[in-house]
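**Student:** Can you keep this structure in mind? I'll have questions shortly.
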Protein chains: 2
Amino acid sequence: MSQADEARIKYTLDESELPTQWYNLLADLATPLPPVLHPATGQPIGPQDLAPLFPMALIAQEVSQERWIPIPEPVRQVLRQWRPTPLFRARRLERALDTPAHIYYKYEGVSPAGSHKPNTAVAQAYYNKQEGVRRLTTETGAGQWGSALAMACRFFDLECKVYMVRVSYEQKPYRRVMMETWGAQVVPSPSPDTEAGRKVRAEDPQSPGSLGIAISEAVEDAATHDDTKYSLGSVLNHVLLHQTVIGLEAKKQLALAGDEADIVIGCAGGGSNFAGLAFPFVADKLRGTRPALRVIAVEPTACPSLTKGKYVYDFGDTVGLTPLIKMYTLGHSFVPAPLHAGGLRYHGMAPLVCKLYDEGVIEAVAVPQLATFEAAVQFARAEGIIPAPETAHAVRVAIDEALRCKAEGTRRTILFNLSGHGHFDLGAYEAFLAGKLQDYAYPEEKVAEALQRLPKVGV
Amino acid sequence: MSQADEARIKYTLDESELPTQWYNLLADLATPLPPVLHPATGQPIGPQDLAPLFPMALIAQEVSQERWIPIPEPVRQVLRQWRPTPLFRARRLERALDTPAHIYYKYEGVSPAGSHKPNTAVAQAYYNKQEGVRRLTTETGAGQWGSALAMACRFFDLECKVYMVRVSYEQKPYRRVMMETWGAQVVPSPSPDTEAGRKVRAEDPQSPGSLGIAISEAVEDAATHDDTKYSLGSVLNHVLLHQTVIGLEAKKQLALAGDEADIVIGCAGGGSNFAGLAFPFVADKLRGTRPALRVIAVEPTACPSLTKGKYVYDFGDTVGLTPLIKMYTLGHSFVPAPLHAGGLRYHGMAPLVCKLYDEGVIEAVAVPQLATFEAAVQFARAEGIIPAPETAHAVRVAIDEALRCKAEGTRRTILFNLSGHGHFDLGAYEAFLAGKLQDYAYPEEKVAEALQRLPKVGV
């Protein structure tokens, strides 16, 4: 390897190398994904059941068995502003850890919204616009998804209403202002604007809100307005599909670096950034060409859907408006502890991620809050970029694996998704640096209790 | 032009095309820059006068007549993480304005600190480290410069103390946390830590601070500690020199786009981002190869150093600790109106920029606050990226020039420096969107009055 190669820290791809197709993991599953069920009948739902919420193009993608799905040119035209995103070799972090591991991170924070979320927001806005939709509703926790959709709606001339989890609305005014700057309407959830919101407020006027509640509100809003559809930022197959540009690019970039991943890591709330990076690598594992590859989803101990939840049918929202989905869940009545990784506070997990975990194709790890912020600060001081608190979960496990390489004296290639920057989360860093944060592990009893209240269908 | 070219919006350069040399405008001036004077003697200062504050390598660069100065490899190794930065064609903005103009912007917000400032921070930290310095002090207004130096010091294992203008310290806690995350010590200025700070606090306990006061504090701290030097984020020749990577890259990128700039625009506070983009283009103008090229520095009407100030000798700071510099100044006793573009609240301007303005090589325009934010929101809705309030001044004039092209039916190529993003300035956007901002023009009488109090040397 030449001296120039040894100094290289950034692997970029030309705009022309932006993928032209998304990778659909459904095509490579040995057995089909458990069907999504209608909550009233317990029967698998069909396209017509989803039509009030989503445009037909996305419903088709949700169940498509095609391995490769073309990315429409107008979507690529928007994505190419910041894609392909850079892949970095974390050489300063490697030196700080004194590890023989090669650590790479794919940096999705270069999008104007600051995370990977626009990858699907842009596609969703496009398909809705194509089918004559005038207005989109959605929920947002930490604000990354709401920001992404607000921006995407602006590009395709759609109105956008965002139900923002109240605790985030109050803790992160800048995220709200960002959405408003892009022209979206933002309300704290639970809000008085929907039946679902009014119901929660009646029961608990001080409710901090949750992603589940906000989903209930956004879904109701879309279902009750003819010109309006709903847009989800994670969990669903089509959302994960749109995120696969991340992993497709990363594979090309690792090849440029002359390296091959031994361990692929992503944080997982709903599962979309994890899946986006991981699925194109998982494909190799499913096909048997990379049997030793380890793929790790990282979640907080405060919301351990994969590591403590059960693989059963549950609602996607809190109130019970959505279809039933088979997934690892803490129970849809889950109310998260105050945790700074707002994007990881969801009770469930993407069904595709759950199936891979159930079959042992991927691993999952839960990490506590303090160790996560320690890793984030160590990363920021070595690499400059300040990760979002969600992303910091992936950083923690990447560092842990690199330290294990050091202890074992083995040289592995670690790749993780730096899914977003923490510019709007510095309040959390402030609390951490001031010693004001605590660890919290969600108790197993509570999971067992919540699962008692699950619907008795399809289990 | 092929269809692919017509869709192209991003002009990237490979890491290997990061400039290897900085461009030094001093080499191309027809007459020398007026000397910097010792305040006590009125005589030109020598290297030994600056030695308590700066390492010799930077003092040498300050007066060098070499046209090209090599960029040390360790500096390039850090810069290549985010450089070359992208040049974007603002196609969606062009369509929104319905202008025949081609609008390009060089996006410096991709650095981890979010602005162009690391271009010089990294170089300064490197040279100080090379000469055995252990600790750097500096001032910061909006926080962009302080963030950049905090990060650069971390990379070269230097301590960093930042005197942050009190009003910004209070308005922008996240900028402070960002610096602390990178390990810097940050205090509000005026502080009790220096004579200069204590003097101002005694006279005005409620002082909101100013860049001039914060400079006084940082300079005093460095001058009174043996292991400490001072680092300035703008104004000085070597700072502008380090920023020329921006313009050098932009020229290559415009060539890739098959375009040539007719108008080059940058906002100007101390002058460094403006100079960084503009000087490599100004070089062509000075050599007579691009006589019609227009180069425009944009400042706020609230701090109109170039457009309302006088070209005289003045102190660089408020208290009068620095050497005397010939520059357009509002008087060193200038206290800015509360204005959200914190980085543009400096009473003076880089001497190199002032000389070019005095000789008619470049133009200057002052724009009011409301029109500036209007332009910023219009830009954000078209292009996604939310500009820093400082940067928005350049956006305003770029849009004005594009609209003039439309009115005149002429097709010009406009290039501006998108020097930083506004992620830490969304409080200002919130105030603007809520109709709470006002325009303010600094009164000419006040300038005349302040100039009465100038030192009577070298005029």
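Every chain in the structure tokens takes a letter, A first, then B, and so on in the order presented; its residues are numbered from 1, and the ligands are numbered from 1 following the presented order.
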For chain B, list the residues within 7 Å of chain A, counting only C-alpha atoms, and write the list as a PDB file with all heavy atoms, in the first residue's frame.
**Tutor:**
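Result file follows (selection-v2.pdb):
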ATOM      1  N   ILE B   9     -25.818  18.897 -10.225  1.00  0.00           N
ATOM      2  CA  ILE B   9     -25.938  19.993  -9.270  1.00  0.00           C
ATOM      3  C   ILE B   9     -24.739  20.077  -8.330  1.00  0.00           C
ATOM      4  O   ILE B   9     -24.624  21.006  -7.563  1.00  0.00           O
ATOM      5  CB  ILE B   9     -27.218  19.851  -8.396  1.00  0.00           C
ATOM      6  CG1 ILE B   9     -27.268  18.491  -7.714  1.00  0.00           C
ATOM      7  CG2 ILE B   9     -28.466  20.098  -9.224  1.00  0.00           C
ATOM      8  CD1 ILE B   9     -28.441  18.330  -6.774  1.00  0.00           C
ATOM      9  N   LYS B  10     -23.847  19.099  -8.424  1.00  0.00           N
ATOM     10  CA  LYS B  10     -22.757  19.038  -7.442  1.00  0.00           C
ATOM     11  C   LYS B  10     -21.460  18.826  -8.180  1.00  0.00           C
ATOM     12  O   LYS B  10     -21.357  17.927  -9.009  1.00  0.00           O
ATOM     13  CB  LYS B  10     -23.026  17.873  -6.492  1.00  0.00           C
ATOM     14  CG  LYS B  10     -22.031  17.719  -5.362  1.00  0.00           C
ATOM     15  CD  LYS B  10     -22.486  16.659  -4.358  1.00  0.00           C
ATOM     16  CE  LYS B  10     -22.696  15.310  -5.001  1.00  0.00           C
ATOM     17  NZ  LYS B  10     -23.082  14.257  -4.057  1.00  0.00           N
ATOM     18  N   GLN B  81     -10.456  15.472   5.475  1.00  0.00           N
ATOM     19  CA  GLN B  81     -11.658  14.809   5.988  1.00  0.00           C
ATOM     20  C   GLN B  81     -12.909  15.413   5.341  1.00  0.00           C
ATOM     21  O   GLN B  81     -13.842  14.695   5.009  1.00  0.00           O
ATOM     22  CB  GLN B  81     -11.730  14.923   7.512  1.00  0.00           C
ATOM     23  CG  GLN B  81     -12.911  14.137   8.097  1.00  0.00           C
ATOM     24  CD  GLN B  81     -13.036  14.297   9.591  1.00  0.00           C
ATOM     25  OE1 GLN B  81     -12.169  14.836  10.256  1.00  0.00           O
ATOM     26  NE2 GLN B  81     -14.141  13.819  10.148  1.00  0.00           N
ATOM     27  N   VAL B 110     -19.802  21.838   5.476  1.00  0.00           N
ATOM     28  CA  VAL B 110     -19.560  20.400   5.635  1.00  0.00           C
ATOM     29  C   VAL B 110     -18.445  20.081   6.637  1.00  0.00           C
ATOM     30  O   VAL B 110     -18.257  18.930   7.001  1.00  0.00           O
ATOM     31  CB  VAL B 110     -19.232  19.716   4.281  1.00  0.00           C
ATOM     32  CG1 VAL B 110     -20.446  19.741   3.375  1.00  0.00           C
ATOM     33  CG2 VAL B 110     -18.040  20.385   3.614  1.00  0.00           C
ATOM     34  N   PRO B 112     -16.776  19.615  10.280  1.00  0.00           N
ATOM     35  CA  PRO B 112     -17.453  19.224  11.526  1.00  0.00           C
ATOM     36  C   PRO B 112     -17.871  20.419  12.387  1.00  0.00           C
ATOM     37  O   PRO B 112     -18.833  20.330  13.136  1.00  0.00           O
ATOM     38  CB  PRO B 112     -16.407  18.372  12.253  1.00  0.00           C
ATOM     39  CG  PRO B 112     -15.531  17.837  11.170  1.00  0.00           C
ATOM     40  CD  PRO B 112     -15.477  18.926  10.135  1.00  0.00           C
ATOM     41  N   MET B 151     -11.920  22.447  18.106  1.00  0.00           N
ATOM     42  CA  MET B 151     -11.742  21.166  17.431  1.00  0.00           C
ATOM     43  C   MET B 151     -10.291  20.979  16.974  1.00  0.00           C
ATOM     44  O   MET B 151      -9.689  19.922  17.168  1.00  0.00           O
ATOM     45  CB  MET B 151     -12.693  21.078  16.238  1.00  0.00           C
ATOM     46  CG  MET B 151     -12.627  19.754  15.501  1.00  0.00           C
ATOM     47  SD  MET B 151     -13.747  19.710  14.074  1.00  0.00           S
ATOM     48  CE  MET B 151     -12.817  20.673  12.867  1.00  0.00           C
ATOM     49  N   ARG B 154      -7.911  20.138  19.710  1.00  0.00           N
ATOM     50  CA  ARG B 154      -8.046  18.752  20.138  1.00  0.00           C
ATOM     51  C   ARG B 154      -7.235  17.837  19.227  1.00  0.00           C
ATOM     52  O   ARG B 154      -6.538  16.936  19.676  1.00  0.00           O
ATOM     53  CB  ARG B 154      -9.535  18.376  20.125  1.00  0.00           C
ATOM     54  CG  ARG B 154      -9.835  16.937  20.412  1.00  0.00           C
ATOM     55  CD  ARG B 154      -9.273  16.460  21.735  1.00  0.00           C
ATOM     56  NE  ARG B 154      -9.713  17.256  22.869  1.00  0.00           N
ATOM     57  CZ  ARG B 154      -9.392  17.013  24.130  1.00  0.00           C
ATOM     58  NH1 ARG B 154      -8.620  15.978  24.419  1.00  0.00           N
ATOM     59  NH2 ARG B 154      -9.810  17.804  25.093  1.00  0.00           N
ATOM     60  N   PHE B 155      -7.296  18.112  17.919  1.00  0.00           N
ATOM     61  CA  PHE B 155      -6.576  17.255  16.965  1.00  0.00           C
ATOM     62  C   PHE B 155      -5.058  17.323  17.171  1.00  0.00           C
ATOM     63  O   PHE B 155      -4.345  16.377  16.858  1.00  0.00           O
ATOM     64  CB  PHE B 155      -6.894  17.653  15.517  1.00  0.00           C
ATOM     65  CG  PHE B 155      -8.312  17.369  15.099  1.00  0.00           C
ATOM     66  CD1 PHE B 155      -8.835  17.944  13.949  1.00  0.00           C
ATOM     67  CD2 PHE B 155      -9.131  16.525  15.843  1.00  0.00           C
ATOM     68  CE1 PHE B 155     -10.138  17.680  13.540  1.00  0.00           C
ATOM     69  CE2 PHE B 155     -10.438  16.259  15.448  1.00  0.00           C
ATOM     70  CZ  PHE B 155     -10.938  16.838  14.294  1.00  0.00           C
ATOM     71  N   TYR B 174     -25.645  26.101  22.808  1.00  0.00           N
ATOM     72  CA  TYR B 174     -25.210  24.897  22.098  1.00  0.00           C
ATOM     73  C   TYR B 174     -23.823  25.071  21.506  1.00  0.00           C
ATOM     74  O   TYR B 174     -23.052  24.113  21.405  1.00  0.00           O
ATOM     75  CB  TYR B 174     -26.209  24.537  20.997  1.00  0.00           C
ATOM     76  CG  TYR B 174     -27.417  23.773  21.514  1.00  0.00           C
ATOM     77  CD1 TYR B 174     -27.724  23.739  22.872  1.00  0.00           C
ATOM     78  CD2 TYR B 174     -28.247  23.077  20.642  1.00  0.00           C
ATOM     79  CE1 TYR B 174     -28.823  23.037  23.335  1.00  0.00           C
ATOM     80  CE2 TYR B 174     -29.349  22.373  21.104  1.00  0.00           C
ATOM     81  CZ  TYR B 174     -29.634  22.350  22.447  1.00  0.00           C
ATOM     82  OH  TYR B 174     -30.715  21.644  22.898  1.00  0.00           O
ATOM     83  N   VAL B 177     -21.525  24.367  24.309  1.00  0.00           N
ATOM     84  CA  VAL B 177     -21.455  22.929  24.604  1.00  0.00           C
ATOM     85  C   VAL B 177     -20.616  22.222  23.540  1.00  0.00           C
ATOM     86  O   VAL B 177     -19.845  21.304  23.835  1.00  0.00           O
ATOM     87  CB  VAL B 177     -22.863  22.321  24.670  1.00  0.00           C
ATOM     88  CG1 VAL B 177     -22.771  20.815  24.918  1.00  0.00           C
ATOM     89  CG2 VAL B 177     -23.695  22.991  25.750  1.00  0.00           C
ATOM     90  N   MET B 178     -20.745  22.652  22.295  1.00  0.00           N
ATOM     91  CA  MET B 178     -19.965  22.053  21.218  1.00  0.00           C
ATOM     92  C   MET B 178     -18.467  22.208  21.514  1.00  0.00           C
ATOM     93  O   MET B 178     -17.692  21.252  21.411  1.00  0.00           O
ATOM     94  CB  MET B 178     -20.319  22.761  19.909  1.00  0.00           C
ATOM     95  CG  MET B 178     -19.834  22.077  18.660  1.00  0.00           C
ATOM     96  SD  MET B 178     -20.454  22.975  17.206  1.00  0.00           S
ATOM     97  CE  MET B 178     -20.351  21.666  15.976  1.00  0.00           C
ATOM     98  N   THR B 181     -17.557  19.987  24.344  1.00  0.00           N
ATOM     99  CA  THR B 181     -17.501  18.585  23.924  1.00  0.00           C
ATOM    100  C   THR B 181     -16.136  18.276  23.317  1.00  0.00           C
ATOM    101  O   THR B 181     -15.589  17.191  23.504  1.00  0.00           O
ATOM    102  CB  THR B 181     -18.626  18.294  22.911  1.00  0.00           C
ATOM    103  OG1 THR B 181     -19.872  18.523  23.553  1.00  0.00           O
ATOM    104  CG2 THR B 181     -18.577  16.846  22.409  1.00  0.00           C
ATOM    105  N   TRP B 182     -15.582  19.260  22.609  1.00  0.00           N
ATOM    106  CA  TRP B 182     -14.234  19.075  22.056  1.00  0.00           C
ATOM    107  C   TRP B 182     -13.147  19.380  23.083  1.00  0.00           C
ATOM    108  O   TRP B 182     -11.958  19.382  22.744  1.00  0.00           O
ATOM    109  CB  TRP B 182     -14.066  19.947  20.809  1.00  0.00           C
ATOM    110  CG  TRP B 182     -14.757  19.378  19.605  1.00  0.00           C
ATOM    111  CD1 TRP B 182     -14.806  18.063  19.246  1.00  0.00           C
ATOM    112  CD2 TRP B 182     -15.486  20.090  18.598  1.00  0.00           C
ATOM    113  NE1 TRP B 182     -15.524  17.921  18.078  1.00  0.00           N
ATOM    114  CE2 TRP B 182     -15.955  19.143  17.657  1.00  0.00           C
ATOM    115  CE3 TRP B 182     -15.786  21.435  18.388  1.00  0.00           C
ATOM    116  CZ2 TRP B 182     -16.711  19.492  16.539  1.00  0.00           C
ATOM    117  CZ3 TRP B 182     -16.540  21.796  17.271  1.00  0.00           C
ATOM    118  CH2 TRP B 182     -16.997  20.828  16.365  1.00  0.00           C
ATOM    119  N   VAL B 377     -34.473  32.210   4.125  1.00  0.00           N
ATOM    120  CA  VAL B 377     -35.605  31.270   4.136  1.00  0.00           C
ATOM    121  C   VAL B 377     -35.918  30.834   2.705  1.00  0.00           C
ATOM    122  O   VAL B 377     -36.167  29.653   2.447  1.00  0.00           O
ATOM    123  CB  VAL B 377     -36.831  31.892   4.827  1.00  0.00           C
ATOM    124  CG1 VAL B 377     -38.072  31.032   4.619  1.00  0.00           C
ATOM    125  CG2 VAL B 377     -36.547  32.070   6.322  1.00  0.00           C
ATOM    126  N   ALA B 380     -33.313  28.301   1.840  1.00  0.00           N
ATOM    127  CA  ALA B 380     -33.498  27.030   2.547  1.00  0.00           C
ATOM    128  C   ALA B 380     -34.634  26.227   1.922  1.00  0.00           C
ATOM    129  O   ALA B 380     -34.557  25.006   1.812  1.00  0.00           O
ATOM    130  CB  ALA B 380     -33.777  27.288   4.025  1.00  0.00           C
ATOM    131  N   ARG B 381     -35.706  26.902   1.529  1.00  0.00           N
ATOM    132  CA  ARG B 381     -36.850  26.188   0.961  1.00  0.00           C
ATOM    133  C   ARG B 381     -36.557  25.658  -0.435  1.00  0.00           C
ATOM    134  O   ARG B 381     -37.144  24.659  -0.859  1.00  0.00           O
ATOM    135  CB  ARG B 381     -38.087  27.090   0.989  1.00  0.00           C
ATOM    136  CG  ARG B 381     -38.539  27.327   2.425  1.00  0.00           C
ATOM    137  CD  ARG B 381     -39.801  28.144   2.570  1.00  0.00           C
ATOM    138  NE  ARG B 381     -40.125  28.239   4.004  1.00  0.00           N
ATOM    139  CZ  ARG B 381     -41.195  28.841   4.501  1.00  0.00           C
ATOM    140  NH1 ARG B 381     -42.070  29.416   3.692  1.00  0.00           N
ATOM    141  NH2 ARG B 381     -41.401  28.867   5.807  1.00  0.00           N
ATOM    142  N   ALA B 382     -35.649  26.320  -1.132  1.00  0.00           N
ATOM    143  CA  ALA B 382     -35.295  25.843  -2.471  1.00  0.00           C
ATOM    144  C   ALA B 382     -34.178  24.800  -2.419  1.00  0.00           C
ATOM    145  O   ALA B 382     -34.237  23.780  -3.103  1.00  0.00           O
ATOM    146  CB  ALA B 382     -34.862  27.015  -3.350  1.00  0.00           C
ATOM    147  N   GLY B 384     -32.622  23.446   0.555  1.00  0.00           N
ATOM    148  CA  GLY B 384     -32.537  22.557   1.711  1.00  0.00           C
ATOM    149  C   GLY B 384     -31.629  23.082   2.811  1.00  0.00           C
ATOM    150  O   GLY B 384     -32.020  23.142   3.967  1.00  0.00           O
ATOM    151  N   ILE B 385     -30.446  23.496   2.447  1.00  0.00           N
ATOM    152  CA  ILE B 385     -29.466  23.949   3.447  1.00  0.00           C
ATOM    153  C   ILE B 385     -29.928  25.266   4.076  1.00  0.00           C
ATOM    154  O   ILE B 385     -30.317  26.195   3.382  1.00  0.00           O
ATOM    155  CB  ILE B 385     -28.080  24.141   2.794  1.00  0.00           C
ATOM    156  CG1 ILE B 385     -27.591  22.811   2.220  1.00  0.00           C
ATOM    157  CG2 ILE B 385     -27.084  24.717   3.791  1.00  0.00           C
ATOM    158  CD1 ILE B 385     -26.409  22.951   1.271  1.00  0.00           C
ATOM    159  N   HIS B 423     -27.351  25.795  11.884  1.00  0.00           N
ATOM    160  CA  HIS B 423     -27.918  24.868  12.874  1.00  0.00           C
ATOM    161  C   HIS B 423     -27.904  25.434  14.285  1.00  0.00           C
ATOM    162  O   HIS B 423     -28.703  25.025  15.112  1.00  0.00           O
ATOM    163  CB  HIS B 423     -27.162  23.541  12.848  1.00  0.00           C
ATOM    164  CG  HIS B 423     -27.284  22.799  11.555  1.00  0.00           C
ATOM    165  ND1 HIS B 423     -26.607  21.643  11.282  1.00  0.00           N
ATOM    166  CD2 HIS B 423     -28.027  23.055  10.457  1.00  0.00           C
ATOM    167  CE1 HIS B 423     -26.917  21.228  10.053  1.00  0.00           C
ATOM    168  NE2 HIS B 423     -27.764  22.072   9.542  1.00  0.00           N
ATOM    169  N   LEU B 426     -30.865  28.822  14.960  1.00  0.00           N
ATOM    170  CA  LEU B 426     -32.287  28.705  14.643  1.00  0.00           C
ATOM    171  C   LEU B 426     -33.144  29.565  15.560  1.00  0.00           C
ATOM    172  O   LEU B 426     -34.293  29.864  15.230  1.00  0.00           O
ATOM    173  CB  LEU B 426     -32.703  27.231  14.633  1.00  0.00           C
ATOM    174  CG  LEU B 426     -32.191  26.532  13.359  1.00  0.00           C
ATOM    175  CD1 LEU B 426     -32.335  25.022  13.465  1.00  0.00           C
ATOM    176  CD2 LEU B 426     -32.918  27.034  12.119  1.00  0.00           C
ATOM    177  N   GLY B 427     -32.554  30.021  16.674  1.00  0.00           N
ATOM    178  CA  GLY B 427     -33.255  31.006  17.497  1.00  0.00           C
ATOM    179  C   GLY B 427     -33.509  32.281  16.704  1.00  0.00           C
ATOM    180  O   GLY B 427     -34.569  32.914  16.820  1.00  0.00           O
ATOM    181  N   GLU B 430     -36.280  31.558  14.316  1.00  0.00           N
ATOM    182  CA  GLU B 430     -37.542  31.549  15.053  1.00  0.00           C
ATOM    183  C   GLU B 430     -38.037  32.980  15.231  1.00  0.00           C
ATOM    184  O   GLU B 430     -39.211  33.285  14.983  1.00  0.00           O
ATOM    185  CB  GLU B 430     -37.332  30.879  16.417  1.00  0.00           C
ATOM    186  CG  GLU B 430     -38.608  30.775  17.228  1.00  0.00           C
ATOM    187  CD  GLU B 430     -38.403  29.964  18.502  1.00  0.00           C
ATOM    188  OE1 GLU B 430     -37.280  29.943  19.030  1.00  0.00           O
ATOM    189  OE2 GLU B 430     -39.384  29.359  18.968  1.00  0.00           O
TER     190      GLU B 430
END
**Student:** Mind checking which residues fall within 12 Å of Ile59 (chain B), counting only C-alpha atoms, ignoring those fewer than 6 positions away in the same chain, and posting them as an MDAnalysis selection string?
**Tutor:** chainID B and resid 45:53 124 127:128 231 236:239
**Student:** Report as an MDAnalysis selection string all protein, DNA and RNA residues lying within 10 Å of region 159-167 of chain A, evaluated on only C-alpha atoms, omitting residues in the same chain fewer than 4 positions from it.
**Tutor:** chainID A and resid 125 133:143 145:147 149:154 171:172 175:176 179:180 182:191 193 197 206:218 221:222 228:231 338 342
**Student:** Would you kindly return, as a PyMOL selection string, each protein, DNA or RNA residue with an atom no farther than 8 Å from any atom of Glu390 (chain A), considering only C-alpha atoms and excluding same-chain residues fewer than 2 positions away?
**Tutor:** chain A and resi 267+341-344+387-388+392-394
**Student:** With distances taken over only C-alpha atoms, which of A:Pro19, A:Gly269, A:Pro291, A:Pro72 is nearest to Gly360 (chain A)?
**Tutor:**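 Distance minimum relative to Gly360 (chain A) lands on A:Pro291.
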